[in-house]
Every structure is written in structure tokens, then in C-alpha cells.
$ cat work-v8.cif   # mmCIF, C-alpha atoms and all ligand atoms
data_structure
#
loop_
_atom_site.label_atom_id
_atom_site.label_comp_id
_atom_site.auth_asym_id
_atom_site.auth_seq_id
_atom_site.Cartn_x
_atom_site.Cartn_y
_atom_site.Cartn_z
CA MET A 1 -22.99 -3.30 -20.78
CA SER A 2 -21.69 0.20 -20.65
CA ALA A 3 -18.29 0.96 -19.21
CA ARG A 4 -19.91 4.09 -17.83
CA ALA A 5 -22.52 2.30 -15.78
CA PRO A 6 -23.20 4.32 -12.63
CA ILE A 7 -21.46 3.14 -9.48
CA ALA A 8 -24.46 4.02 -7.34
CA GLY A 9 -27.72 2.09 -7.27
CA ALA A 10 -30.81 3.51 -8.90
CA ALA A 11 -32.29 5.11 -5.77
CA LEU A 12 -29.04 6.81 -4.81
CA TRP A 13 -28.46 7.86 -8.39
CA THR A 14 -31.87 9.53 -8.53
CA ALA A 15 -31.32 11.26 -5.17
CA VAL A 16 -27.94 12.66 -6.15
CA MET A 17 -29.13 13.72 -9.58
CA GLY A 18 -32.16 15.41 -8.05
CA ARG A 19 -30.13 17.25 -5.43
CA ASN A 20 -27.72 18.58 -7.98
CA ASP A 21 -30.35 19.27 -10.60
CA GLY A 22 -28.57 16.78 -12.83
CA ALA A 23 -25.70 19.19 -13.39
CA CYS A 24 -21.99 18.51 -13.03
CA THR A 25 -20.76 19.99 -9.72
CA CYS A 26 -17.08 20.07 -10.64
CA ALA A 27 -15.58 23.28 -9.23
CA ALA A 28 -12.42 23.33 -11.30
CA VAL A 29 -10.97 20.12 -9.82
CA CYS A 30 -10.60 18.79 -13.34
CA GLY A 31 -8.19 21.54 -14.32
CA ASN A 32 -10.78 23.52 -16.27
CA ARG A 33 -11.67 26.72 -14.40
CA HIS A 34 -15.20 26.70 -15.81
CA ARG A 35 -15.09 30.47 -16.13
CA ASP A 36 -17.97 30.49 -18.59
CA SER A 37 -20.30 29.00 -16.01
CA GLY A 38 -19.30 30.82 -12.83
CA GLY A 39 -16.55 28.47 -11.64
CA VAL A 40 -18.70 25.34 -11.56
CA CYS A 41 -19.08 23.12 -14.58
CA GLY A 42 -22.88 22.80 -14.64
CA ARG A 43 -22.99 20.59 -17.74
CA ARG A 44 -26.08 18.39 -17.92
CA ASP A 45 -25.16 16.07 -20.75
CA ALA A 46 -23.17 12.85 -20.35
CA VAL A 47 -23.31 13.08 -16.57
CA THR A 48 -22.68 10.25 -14.12
CA VAL A 49 -23.03 9.87 -10.36
CA ALA A 50 -19.68 9.21 -8.71
CA PRO A 51 -17.86 9.88 -5.42
CA ARG A 52 -16.84 13.48 -4.78
CA ASP A 53 -13.39 12.04 -4.28
CA LEU A 54 -12.86 10.07 -7.45
CA GLY A 55 -9.76 8.48 -5.96
CA VAL A 56 -11.66 6.20 -3.59
CA PRO A 57 -11.50 2.49 -4.44
CA LEU A 58 -14.61 0.93 -5.95
CA ALA A 59 -15.11 -1.18 -2.81
CA THR A 60 -15.43 2.07 -0.85
CA ALA A 61 -17.36 3.89 -3.55
CA VAL A 62 -20.24 1.43 -3.46
CA THR A 63 -20.74 2.08 0.27
CA LEU A 64 -20.92 5.88 0.03
CA SER A 65 -24.03 7.81 1.00
CA VAL A 66 -25.86 10.46 -0.98
CA GLY A 67 -23.80 13.19 0.69
CA GLU A 68 -20.55 11.66 -0.46
CA LEU A 69 -21.64 11.30 -4.05
CA THR A 70 -22.04 13.98 -6.64
CA VAL A 71 -22.68 14.54 -10.31
CA TRP A 72 -19.75 14.51 -12.71
CA CYS A 73 -19.94 15.10 -16.43
CA GLU A 74 -17.93 12.86 -18.68
CA ARG A 75 -15.28 15.47 -19.45
CA CYS A 76 -14.55 16.53 -15.88
CA ARG A 77 -14.59 12.98 -14.61
CA ALA A 78 -12.24 11.76 -17.33
CA ALA A 79 -9.82 14.59 -16.61
CA VAL A 80 -9.83 14.00 -12.85
CA GLU A 81 -9.52 10.23 -13.25
CA ALA A 82 -6.61 10.67 -15.64
CA ALA A 83 -4.86 12.86 -13.08
CA ILE A 84 -5.44 10.27 -10.38
CA ARG A 85 -4.09 7.47 -12.58
CA LYS A 86 -1.04 9.55 -13.39
CA ALA A 87 -0.40 10.23 -9.70
CA ARG A 88 -0.75 6.52 -8.94
CA ARG A 89 1.68 5.53 -11.67
CA GLU A 90 4.18 7.91 -10.17
CA ALA A 91 3.78 6.51 -6.68
CA ASN A 92 6.03 3.59 -5.82
CA ALA A 93 4.89 0.30 -4.32
CA ALA A 94 5.48 1.48 -0.76
CA ASP A 95 3.38 4.58 -1.29
CA TYR A 96 0.67 2.46 -2.80
CA ALA A 97 0.56 0.30 0.32
CA ALA A 98 0.24 3.40 2.51
CA ASP A 99 -2.51 4.73 0.24
CA SER A 100 -4.64 1.66 0.74
CA LEU A 101 -4.99 2.50 4.43
CA PHE A 102 -7.35 5.32 3.52
ZN ZN B 201 -18.21 18.88 -15.67
ZN ZN B 202 -14.63 20.35 -14.39
#

$ encode --input "work-v8.cif" --output "C-alpha cells"
Amino acid sequence: MSARAPIAGAALWTAVMGRNDGACTCAAVCGNRHRDSGGVCGRRDAVTVAPRDLGVPLATAVTLSVGELTVWCERCRAAVEAAIRKARREANAADYAADSLF
């Protein structure tokens, strides 16, 4: 089992990959400005299908539609997820409870 198994089912995965031409759609959310590729990452290796908003809980992520999913490459996704984890660590328990309403 891979830790990088796609969240989305096979049909969704194919639809999202097809729509985005299998390229990472990160527009500098990861902290990299992607200047070399016109402001959007566009990498096609080590890509995964994941929510546009990587902060959504897995229980929500599995219910998302094609329009709410996009292609992330490993590097961008790791950078964004690390930022989310950092923000969560910094939030206190009360903030965490408020977060879960969304
Ligand atoms: Zn990327
Ligand atoms: Zn990126």
C-alpha cells in the first residue's frame, strides 16, 4: 500500500487528470512562484488528485466532485500540507473546535 494512494476513486481520478492534462495546477499556493512555468506549476511527474483546498478533512475530501478536485504534484502538495499542519499546530484547542464546523 502506498501512502500516496489517491483520495479519489478511479473514475474521478481519470476525469480530473484528463481535465487538467495530468499537470499540477498549483498557482503558487505552495510558496513557489513557479516563474519558470508562467505562474502555474505544470509538473506532470509524481502527481496526485486531491482537493483544491488541501485543508479539508478526509471525510469531506472523499465526497468532493470533479470540480472540487485538482491535480497536485508531490512537491507542491507536500509544501501546502506542511503549511497546513504548521497552522494547525499553532491553533489552540478552541480554534480547532471552531475549524471543524467548516
Ligand atoms: Zn506542482
Ligand atoms: Zn506549487

$ atom_distance --input "work-v8.cif" --atom1 "CA of Asn32 (chain A)" --atom2 "CA of Gly18 (chain A)"
24.3 Å

$ closest_atom_pairs --input "work-v8.cif" --of "chain A" --to "ligand ZN 202 (chain B)" --cutoff "10 Å" --atoms "only C-alpha atoms and all ligand atoms" --output "CSV"
residue,atom,partner,partner_atom,distance
A:Cys24,CA,B:ZN202,ZN,7.7
A:Thr25,CA,B:ZN202,ZN,7.7
A:Cys26,CA,B:ZN202,ZN,4.5
A:Ala27,CA,B:ZN202,ZN,6.0
A:Ala28,CA,B:ZN202,ZN,4.8
A:Val29,CA,B:ZN202,ZN,5.9
A:Cys30,CA,B:ZN202,ZN,4.4
A:Gly31,CA,B:ZN202,ZN,6.5
A:Asn32,CA,B:ZN202,ZN,5.3
A:Arg33,CA,B:ZN202,ZN,7.0
A:His34,CA,B:ZN202,ZN,6.5
A:Gly39,CA,B:ZN202,ZN,8.8
A:Val40,CA,B:ZN202,ZN,7.0
A:Cys41,CA,B:ZN202,ZN,5.2
A:Gly42,CA,B:ZN202,ZN,8.6
A:Arg43,CA,B:ZN202,ZN,9.0
A:Trp72,CA,B:ZN202,ZN,7.9
A:Cys73,CA,B:ZN202,ZN,7.7
A:Glu74,CA,B:ZN202,ZN,9.2
A:Arg75,CA,B:ZN202,ZN,7.1
A:Cys76,CA,B:ZN202,ZN,4.1
A:Arg77,CA,B:ZN202,ZN,7.4
A:Ala78,CA,B:ZN202,ZN,9.4
A:Ala79,CA,B:ZN202,ZN,7.8
A:Val80,CA,B:ZN202,ZN,8.1

$ residues_around --input "work-v8.cif" --residues "Ile84 (chain A)" --least-positions-apart "6" --cutoff "10 Å" --atoms "all atoms listed in the file" --output "ChimeraX atom specification"
/A:54-55,78,90

$ closest_residue --input "work-v8.cif" --among "A:Ala61, A:Thr48, A:Asp21, A:Trp13" --to "ligand ZN 201 (chain B)" --atoms "all atoms listed in the file"
A:Thr48

$ axis_aligned_box --input "work-v8.cif" --around "region 8-22 of chain A" --padding-each-side "6 Å" --output "JSON"
{"center_x": -28.4, "center_y": 10.7, "center_z": -8.8, "size_x": 19.8, "size_y": 29.2, "size_z": 20.0}

$ closest_residue --input "work-v8.cif" --among "A:Arg85, A:Arg19, A:Arg44, A:Arg35" --to "ligand ZN 201 (chain B)" --atoms "only C-alpha atoms and all ligand atoms"
A:Arg44

$ atom_distance --input "work-v8.cif" --atom1 "CA of Val71 (chain A)" --atom2 "CA of Val49 (chain A)"
4.7 Å

$ closest_residue --input "work-v8.cif" --among "A:Asp45, A:Arg52, A:Thr14, A:Lys86" --to "ligand ZN 201 (chain B)" --atoms "only C-alpha atoms and all ligand atoms"
A:Asp45

$ closest_residue --input "work-v8.cif" --among "A:Ala87, A:Ala50, A:Ala23, A:Leu58" --to "ligand ZN 201 (chain B)" --atoms "only C-alpha atoms and all ligand atoms"
A:Ala23

$ closest_residue --input "work-v8.cif" --among "A:Pro57, A:Ala91, A:Ala46, A:Ala10" --to "ligand ZN 201 (chain B)" --atoms "only C-alpha atoms and all ligand atoms"
A:Ala46

$ atom_distance --input "work-v8.cif" --atom1 "CA of Leu64 (chain A)" --atom2 "CA of Leu12 (chain A)"
9.5 Å

$ closest_residue --input "work-v8.cif" --among "A:Val47, A:Val16, A:Ala83, A:Ala11" --to "ligand ZN 201 (chain B)" --atoms "all atoms listed in the file"
A:Val47

$ decode --input "work-v8.cif" --residues "region 48-81 of chain A" --atoms "C-alpha atoms" --output "compact mmCIF listing (two decimals), in the first residue's frame"
# COMPACT_ATOMS: atom_id res chain seq x y z
CA THR A 48 -1.84 13.06 -7.36
CA VAL A 49 -5.51 14.03 -7.41
CA ALA A 50 -6.51 15.90 -4.27
CA PRO A 51 -8.93 18.62 -3.13
CA ARG A 52 -8.17 22.14 -4.32
CA ASP A 53 -8.32 23.03 -0.65
CA LEU A 54 -5.89 20.58 0.89
CA GLY A 55 -7.08 21.55 4.35
CA VAL A 56 -10.41 19.73 4.08
CA PRO A 57 -10.75 16.66 6.30
CA LEU A 58 -10.53 13.28 4.61
CA ALA A 59 -14.20 12.60 5.40
CA THR A 60 -15.06 15.67 3.31
CA ALA A 61 -12.43 15.02 0.68
CA VAL A 62 -13.91 11.68 -0.31
CA THR A 63 -17.27 13.34 -1.06
CA LEU A 64 -15.89 16.06 -3.37
CA SER A 65 -16.87 16.29 -7.01
CA VAL A 66 -14.62 16.60 -10.03
CA GLY A 67 -14.85 20.40 -9.87
CA GLU A 68 -13.54 20.48 -6.32
CA LEU A 69 -10.58 18.26 -7.04
CA THR A 70 -7.44 19.11 -8.90
CA VAL A 71 -4.01 17.80 -9.76
CA TRP A 72 -1.16 18.37 -7.34
CA CYS A 73 2.42 17.30 -7.86
CA GLU A 74 4.24 15.77 -4.94
CA ARG A 75 6.35 18.86 -4.23
CA CYS A 76 3.54 21.41 -4.21
CA ARG A 77 1.25 19.16 -2.23
CA ALA A 78 3.90 18.41 0.38
CA ALA A 79 4.65 22.11 0.78
CA VAL A 80 0.99 23.09 1.13
CA GLU A 81 0.25 20.22 3.52
